[in-house]
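Participant: Take this structure, written in structure tokens, and hold onto it; I'll ask about it next.
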Amino acid sequence: MPDDSIILNGINGATGDYFTPPISQADAAAFATGQPQDPGSLGVLRNLAQQASQAHLGLPFDRDPKRLEEAGWAVVFHQQEDDAVKKALQPLIEHRQKQIGDDRIVKVLDYATGESLQAWLARYRVAPGSVDATKVPLYVLLAGSPDKIPFDFGHLLDVEYCVGRLHFETPGGYAQYASSVIAYETGATAANRRQVAFWGPCHNNDYPTRLSSTMLVKPLAQGQSGQPSLIQRISDRTGKPFETRYFAPTDSTKANLLSLLRPVGDALSPSFLFTASHGMGWPLNHPMQPAATGALLCQDFPGAGLGPIKPAHYLAAADLPADARVHGLVSFHFACFGAGIPSTDRFTHKANTPPTQIAPA
């Protein structure tokens with residue numbers, strides 16, 4: 001690998017090579033600076049940057065952002081969202097109303113096709129850089145397909161608000177989510193053990209996972225330079241001790257990852273799972289693209305350029321067994337396409353040329 005190459009974090013499932021060929025720093029800079037800028041988005045970001053330089057940003061002083069009953073909660077549906085989806089989430093809305101006890105800061109909002117963040121905020125009579133929980137609460141759940149509520153809208157909103165995104169293929173998925181959240185928050189005991197698990201492979205002949213395993217996963221799990229780990233510091237500060245379970249690269253296998261999601265016997269799953277790995281990508285119209293894009297590449301894979309991908313090398317949604325015990329688990333995956341795939345290539349798009357399509361939607 002040339003010294004100035006940048007390798008992007010994703011593996012092509014059809015070939016076993018990098019999904020995007022390595023690029024030089026000069027080419028990367030040219031791609032980045034050559035992208036057309038959306039004036040509206042730039043305006044929002046400049047406004048927020050100016051606000052951040054001042055003494056206060058966020059909720060008014062009389063509202064605590066860490067208290068839901070003061071910060072508020074909202075769900076956002078597309079204006080043409082299926083009524084069955086809205087009905088499926090109604091129990092969660094009612095649960096939040098009961099929790100918060102103030103209908104002024106529990107909102108059901110809508111989004112119109114093509115609406116910019118500025119226009120959306122203006123419609124609810126709030127400006128960027130000024131959070132008013134009675135208009136748009138701090139905690140916002142975007143419910144629906146990114147085809148309806150775009151990723152870009154959520155990314156910009158997330159600069160200032162605490163944004164989550166929820167998308168299932170059927171109304172039943174939303175209903176199950178609502179039921180699960182309510183059961184967890186109202187249960188007499190936690191469904192998980194007081195444990196944080198860290199998992200991250202390091203493949204042969206692969207610079208990105210060498211970096212992520214040694215410079216990200218291991219320091220998070222074990223600390224560095226004689227300092228206690230992040231989890232130990234949090235445990236000391238809160239007085240609520242959590243244990244750490246660290247899978248070294250050689251142990252970051254598919255079987256061990258599944259063991260966290262489907263504990264044996266009476267064992268409980270961890271409270272928090274952090275993984276850092278390659279995410280799987282598949283060529284446009286490949287039969288595996290819908291089912292396995294974003295799947296987590298495990299240590300079982302011998303390394304980029306060392307052979308084709310096999311199902312035993314990665315963990316996809318279909319690998320999660322029906323008796324998995326993930327209730328209450330917060331699972332954070334640092335992986336290419338781990339939260340979805342754009343329809344066009346965002347990495348190597350040259351200015352004044354059509355972007356390459358890499359997914360049907």
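Ordered as shown in the structure tokens, chains take letters A, B, and onward, while each chain numbers its residues from 1 and ligands are numbered from 1 in the order shown.
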What's around segment 75-91 of chain A at 8 Å? Count only C-alpha atoms, leave out sequence neighbours fewer than 6 positions away in its own chain, and write the answer as a ChimeraX atom specification.

Facilitator: /A:107-113,140-144,148-149,170-172,174-175,178-179

Participant: Include N, CA and C atoms and write out the residues we just selected as a tab-separated table (two decimals), in the first residue's frame.

Facilitator:
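Output contents, as saved in part_18.tsv:
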chain	number	residue	atom	x	y	z
A	107	LYS	N	-44.75	15.44	21.20
A	107	LYS	CA	-45.26	15.89	19.91
A	107	LYS	C	-45.31	14.74	18.90
A	108	VAL	N	-46.32	14.78	18.04
A	108	VAL	CA	-46.37	13.96	16.83
A	108	VAL	C	-46.27	14.94	15.67
A	109	LEU	N	-45.11	14.94	15.01
A	109	LEU	CA	-44.82	15.91	13.94
A	109	LEU	C	-44.81	15.19	12.59
A	110	ASP	N	-44.80	15.98	11.51
A	110	ASP	CA	-44.75	15.35	10.19
A	110	ASP	C	-43.68	15.99	9.33
A	111	TYR	N	-43.32	15.29	8.27
A	111	TYR	CA	-42.30	15.74	7.32
A	111	TYR	C	-42.88	15.65	5.92
A	112	ALA	N	-42.65	16.69	5.10
A	112	ALA	CA	-43.12	16.72	3.72
A	112	ALA	C	-41.99	16.39	2.77
A	113	THR	N	-42.29	15.70	1.70
A	113	THR	CA	-41.27	15.30	0.72
A	113	THR	C	-40.46	16.50	0.27
A	140	VAL	N	-35.92	13.30	19.37
A	140	VAL	CA	-36.73	13.19	18.16
A	140	VAL	C	-36.54	11.80	17.55
A	141	LEU	N	-37.64	11.11	17.30
A	141	LEU	CA	-37.61	9.81	16.64
A	141	LEU	C	-38.17	9.96	15.23
A	142	LEU	N	-37.33	9.70	14.21
A	142	LEU	CA	-37.79	9.71	12.83
A	142	LEU	C	-38.29	8.30	12.50
A	143	ALA	N	-39.55	8.17	12.17
A	143	ALA	CA	-40.16	6.86	11.94
A	143	ALA	C	-40.53	6.73	10.47
A	144	GLY	N	-39.91	5.78	9.80
A	144	GLY	CA	-40.23	5.55	8.39
A	144	GLY	C	-38.99	5.36	7.55
A	148	LYS	N	-38.48	8.20	2.42
A	148	LYS	CA	-39.48	9.21	2.73
A	148	LYS	C	-38.88	10.36	3.56
A	149	ILE	N	-38.12	10.02	4.59
A	149	ILE	CA	-37.44	11.02	5.41
A	149	ILE	C	-35.94	10.81	5.20
A	170	THR	N	-42.56	-3.71	7.77
A	170	THR	CA	-43.99	-3.91	7.99
A	170	THR	C	-44.43	-3.19	9.26
A	171	PRO	N	-45.71	-2.85	9.38
A	171	PRO	CA	-46.20	-2.24	10.62
A	171	PRO	C	-45.95	-3.12	11.84
A	172	GLY	N	-45.92	-4.43	11.66
A	172	GLY	CA	-45.66	-5.32	12.78
A	172	GLY	C	-44.31	-5.08	13.43
A	174	TYR	N	-42.81	-2.15	13.76
A	174	TYR	CA	-42.97	-0.98	14.62
A	174	TYR	C	-43.72	-1.35	15.91
A	175	ALA	N	-44.73	-2.20	15.78
A	175	ALA	CA	-45.49	-2.61	16.96
A	175	ALA	C	-44.62	-3.40	17.92
A	178	ALA	N	-42.29	-0.94	19.74
A	178	ALA	CA	-42.99	-0.20	20.78
A	178	ALA	C	-43.21	-1.08	22.01
A	179	SER	N	-43.67	-2.30	21.77
A	179	SER	CA	-43.92	-3.23	22.87
A	179	SER	C	-42.64	-3.52	23.65

Participant: Out of segment 64-135 of chain A, which residues get strand (DSSP E or B) from DSSP, as a ChimeraX atom specification?

Facilitator: /A:73-78,106-111

Participant: For Ala324 of chain A, which residue out of A:Arg262, A:Arg46, A:Arg104, A:His349 is the nearest one, using only C-alpha atoms?

Facilitator: A:Arg262

Participant: For atom CA of Leu315 of chain A and atom CA of Glu243 of chain A, quote the distance in Å rounded to one decimal.

Facilitator: 24.9 Å

Participant: Counting only C-alpha atoms, which residue out of A:Phe272, A:Trp120, A:Phe247, A:Tyr139 sits closest to Glu70 of chain A?

Facilitator: A:Tyr139

Participant: Please list as number ranges by chain every residue within 10 Å of segment 16-25 of chain A, counting only C-alpha atoms and excluding residues in the same chain fewer than 2 positions away.

Facilitator: A: 1-14, 27-31, 206, 278-283, 301-310, 336, 345, 347-348

Participant: Emit the selected residues as a JSON list (two decimals), in the first residue's frame, including C-alpha atoms.

Facilitator:
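Just written: result_14.json:
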[["chain", "number", "residue", "atom", "x", "y", "z"],
["A", 1, "MET", "CA", 0.00, 0.00, 0.00],
["A", 2, "PRO", "CA", 1.45, 3.43, -0.96],
["A", 3, "ASP", "CA", 2.11, 5.62, 2.07],
["A", 4, "ASP", "CA", -0.48, 8.23, 1.07],
["A", 5, "SER", "CA", -3.32, 5.80, 0.29],
["A", 6, "ILE", "CA", -6.65, 5.96, 2.05],
["A", 7, "ILE", "CA", -8.49, 2.66, 2.42],
["A", 8, "LEU", "CA", -12.19, 2.96, 3.06],
["A", 9, "ASN", "CA", -13.80, 0.60, 5.53],
["A", 10, "GLY", "CA", -15.81, -1.88, 3.46],
["A", 11, "ILE", "CA", -15.37, -5.26, 1.74],
["A", 12, "ASN", "CA", -16.95, -6.37, -1.55],
["A", 13, "GLY", "CA", -18.83, -9.59, -0.84],
["A", 14, "ALA", "CA", -18.56, -10.75, -4.44],
["A", 27, "ASP", "CA", -7.68, 12.36, -4.96],
["A", 28, "ALA", "CA", -9.66, 12.28, -1.72],
["A", 29, "ALA", "CA", -9.16, 16.03, -1.27],
["A", 30, "ALA", "CA", -10.24, 16.65, -4.86],
["A", 31, "PHE", "CA", -13.39, 14.57, -4.38],
["A", 206, "ASP", "CA", -5.53, -5.20, 6.18],
["A", 278, "HIS", "CA", -15.46, -4.04, 7.99],
["A", 279, "GLY", "CA", -19.03, -3.85, 6.78],
["A", 280, "MET", "CA", -20.08, -5.88, 3.78],
["A", 281, "GLY", "CA", -20.96, -4.32, 0.45],
["A", 282, "TRP", "CA", -22.35, -5.99, -2.67],
["A", 283, "PRO", "CA", -22.47, -4.82, -6.30],
["A", 301, "PHE", "CA", -12.31, -14.02, 7.08],
["A", 302, "PRO", "CA", -8.65, -14.59, 6.09],
["A", 303, "GLY", "CA", -8.09, -11.06, 4.77],
["A", 304, "ALA", "CA", -8.68, -8.72, 1.83],
["A", 305, "GLY", "CA", -7.51, -10.20, -1.46],
["A", 306, "LEU", "CA", -7.02, -13.64, 0.08],
["A", 307, "GLY", "CA", -10.10, -15.33, -1.28],
["A", 308, "PRO", "CA", -13.84, -14.96, -1.84],
["A", 309, "ILE", "CA", -16.28, -14.15, 0.94],
["A", 310, "LYS", "CA", -18.23, -17.02, 2.46],
["A", 336, "CYS", "CA", -19.22, 0.56, 6.47],
["A", 345, "ASP", "CA", -21.27, 6.47, -4.44],
["A", 347, "PHE", "CA", -16.71, 8.54, -1.81],
["A", 348, "THR", "CA", -15.42, 8.89, -5.39]]

Participant: Go ahead and compute the interatomic distance for atom CA of Ala316 of chain A and atom CA of Gly154 of chain A, in Å to one decimal.

Facilitator: 24.9 Å

Participant: Identify, with DSSP run on backbone atoms, the residues in segment 296-331 of chain A assigned to helix (DSSP H, G or I), and express the list as a count of residues only.

Facilitator: 6

Participant: What's the separation between atom CA of Gln97 of chain A and atom CA of Ala74 of chain A, in Å to one decimal place?

Facilitator: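 Going from atom CA of Gln97 of chain A over to atom CA of Ala74 of chain A, I get 10.2 Å.
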
Participant: Rank A:Ser41, A:Thr214, A:Gln299, A:Thr356 by their smallest atom-to-atom distance to Tyr314 of chain A, using only C-alpha atoms, and report the top residue only.

Facilitator: A:Gln299

Participant: Just want the 8 Å neighbourhood of Leu117 of chain A, counted on only C-alpha atoms, with same-chain residues fewer than 2 positions away dropped. Output as a short mmCIF file (atom, residue, chain, number, x, y, z; two decimals) with N, CA and C atoms, in the first residue's frame.

Facilitator:
data_model
loop_
_atom_site.label_atom_id
_atom_site.label_comp_id
_atom_site.auth_asym_id
_atom_site.auth_seq_id
_atom_site.Cartn_x
_atom_site.Cartn_y
_atom_site.Cartn_z
N SER A 41 -28.05 23.99 3.65
CA SER A 41 -27.37 23.20 4.68
C SER A 41 -26.19 23.95 5.25
N GLU A 115 -38.59 18.51 1.95
CA GLU A 115 -38.51 19.63 2.89
C GLU A 115 -37.10 19.75 3.46
N ALA A 119 -36.72 24.77 6.40
CA ALA A 119 -38.16 24.90 6.16
C ALA A 119 -38.96 24.11 7.19
N TRP A 120 -38.45 22.95 7.55
CA TRP A 120 -39.16 22.12 8.54
C TRP A 120 -39.20 22.80 9.90
N LEU A 121 -38.05 23.31 10.34
CA LEU A 121 -38.02 24.01 11.62
C LEU A 121 -38.90 25.26 11.59
N PHE A 153 -31.55 14.83 6.02
CA PHE A 153 -32.39 15.60 6.94
C PHE A 153 -32.09 15.19 8.38
N LEU A 156 -28.54 16.48 9.60
CA LEU A 156 -28.51 17.90 9.95
C LEU A 156 -29.28 18.17 11.24
N LEU A 157 -30.44 17.54 11.39
CA LEU A 157 -31.21 17.72 12.62
C LEU A 157 -30.42 17.23 13.83
#

Participant: Tell me, as a ChimeraX atom specification, which residues lie within 7 Å of segment 124-134 of chain A, counting only C-alpha atoms; anything in the same chain fewer than 3 positions away does not count.

Facilitator: /A:44,47-48,51,57-59,71-72,104-105,120-121,137-138

Participant: Residues of the last selection are to be written out with C-alpha atoms, as a PDB file, in the first residue's frame.

Facilitator:
ATOM      1  CA  VAL A  44     -27.736  25.890   9.061  1.00  0.00           C
ATOM      2  CA  ASN A  47     -25.641  29.280  12.308  1.00  0.00           C
ATOM      3  CA  LEU A  48     -25.042  26.355  14.650  1.00  0.00           C
ATOM      4  CA  GLN A  51     -24.231  29.451  18.393  1.00  0.00           C
ATOM      5  CA  LEU A  57     -26.386  26.013  23.168  1.00  0.00           C
ATOM      6  CA  GLY A  58     -29.369  23.715  23.495  1.00  0.00           C
ATOM      7  CA  LEU A  59     -32.331  23.819  25.843  1.00  0.00           C
ATOM      8  CA  ALA A  71     -36.430  17.891  27.427  1.00  0.00           C
ATOM      9  CA  GLY A  72     -39.482  16.356  25.772  1.00  0.00           C
ATOM     10  CA  ARG A 104     -46.845  20.475  25.474  1.00  0.00           C
ATOM     11  CA  ILE A 105     -43.518  18.680  25.068  1.00  0.00           C
ATOM     12  CA  TRP A 120     -39.161  22.117   8.536  1.00  0.00           C
ATOM     13  CA  LEU A 121     -38.017  24.014  11.620  1.00  0.00           C
ATOM     14  CA  PRO A 137     -38.589  18.612  21.736  1.00  0.00           C
ATOM     15  CA  LEU A 138     -34.921  17.704  22.202  1.00  0.00           C
TER      16      LEU A 138
END

Participant: Could you check the closest approach to Val159 of chain A for each of A:Leu216, A:Ile234, A:Leu45, A:Cys202 and tell me which residue wins, using only C-alpha atoms?

Facilitator: A:Leu45

Participant: Of the candidates A:Ala122, A:Leu68, A:Val217, A:Ala339, which shows the shortest atom-to-atom distance to Arg165 of chain A, using only C-alpha atoms?

Facilitator: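 Nearest candidate to Arg165 of chain A out of A:Ala122, A:Leu68, A:Val217, A:Ala339: A:Ala339.
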
Participant: As a PyMOL selection string, please: the residues near Ala248 of chain A (cut-off 9 Å, only C-alpha atoms, same-chain neighbours under 4 positions excluded).

Facilitator: chain A and resi 198-202+213+217-218+252

Participant: Let me see the file: selected residues, N, CA and C atoms, as an mmCIF file, in the first residue's frame.

Facilitator:
data_model
loop_
_atom_site.group_PDB
_atom_site.id
_atom_site.type_symbol
_atom_site.label_atom_id
_atom_site.label_comp_id
_atom_site.auth_asym_id
_atom_site.auth_seq_id
_atom_site.Cartn_x
_atom_site.Cartn_y
_atom_site.Cartn_z
ATOM 1 N N PHE A 198 -16.797 -5.555 24.017
ATOM 2 C CA PHE A 198 -16.064 -4.951 22.901
ATOM 3 C C PHE A 198 -15.570 -6.071 21.989
ATOM 4 N N TRP A 199 -15.797 -5.911 20.695
ATOM 5 C CA TRP A 199 -15.491 -6.952 19.703
ATOM 6 C C TRP A 199 -14.929 -6.278 18.457
ATOM 7 N N GLY A 200 -13.765 -6.726 17.989
ATOM 8 C CA GLY A 200 -13.188 -6.111 16.797
ATOM 9 C C GLY A 200 -12.108 -6.964 16.170
ATOM 10 N N PRO A 201 -12.341 -7.487 14.966
ATOM 11 C CA PRO A 201 -11.337 -8.317 14.298
ATOM 12 C C PRO A 201 -10.182 -7.493 13.747
ATOM 13 N N CYS A 202 -9.105 -8.204 13.384
ATOM 14 C CA CYS A 202 -7.952 -7.597 12.707
ATOM 15 C C CYS A 202 -7.494 -8.606 11.664
ATOM 16 N N SER A 213 -8.634 -2.045 15.545
ATOM 17 C CA SER A 213 -8.489 -2.970 16.671
ATOM 18 C C SER A 213 -7.508 -2.457 17.710
ATOM 19 N N VAL A 217 -10.753 -0.161 19.525
ATOM 20 C CA VAL A 217 -11.436 -1.148 20.363
ATOM 21 C C VAL A 217 -10.657 -1.433 21.649
ATOM 22 N N LYS A 218 -9.377 -1.749 21.509
ATOM 23 C CA LYS A 218 -8.593 -2.112 22.699
ATOM 24 C C LYS A 218 -8.469 -0.952 23.690
ATOM 25 N N SER A 252 -12.448 -12.406 17.954
ATOM 26 C CA SER A 252 -13.592 -11.658 17.415
ATOM 27 C C SER A 252 -14.181 -12.422 16.229
#
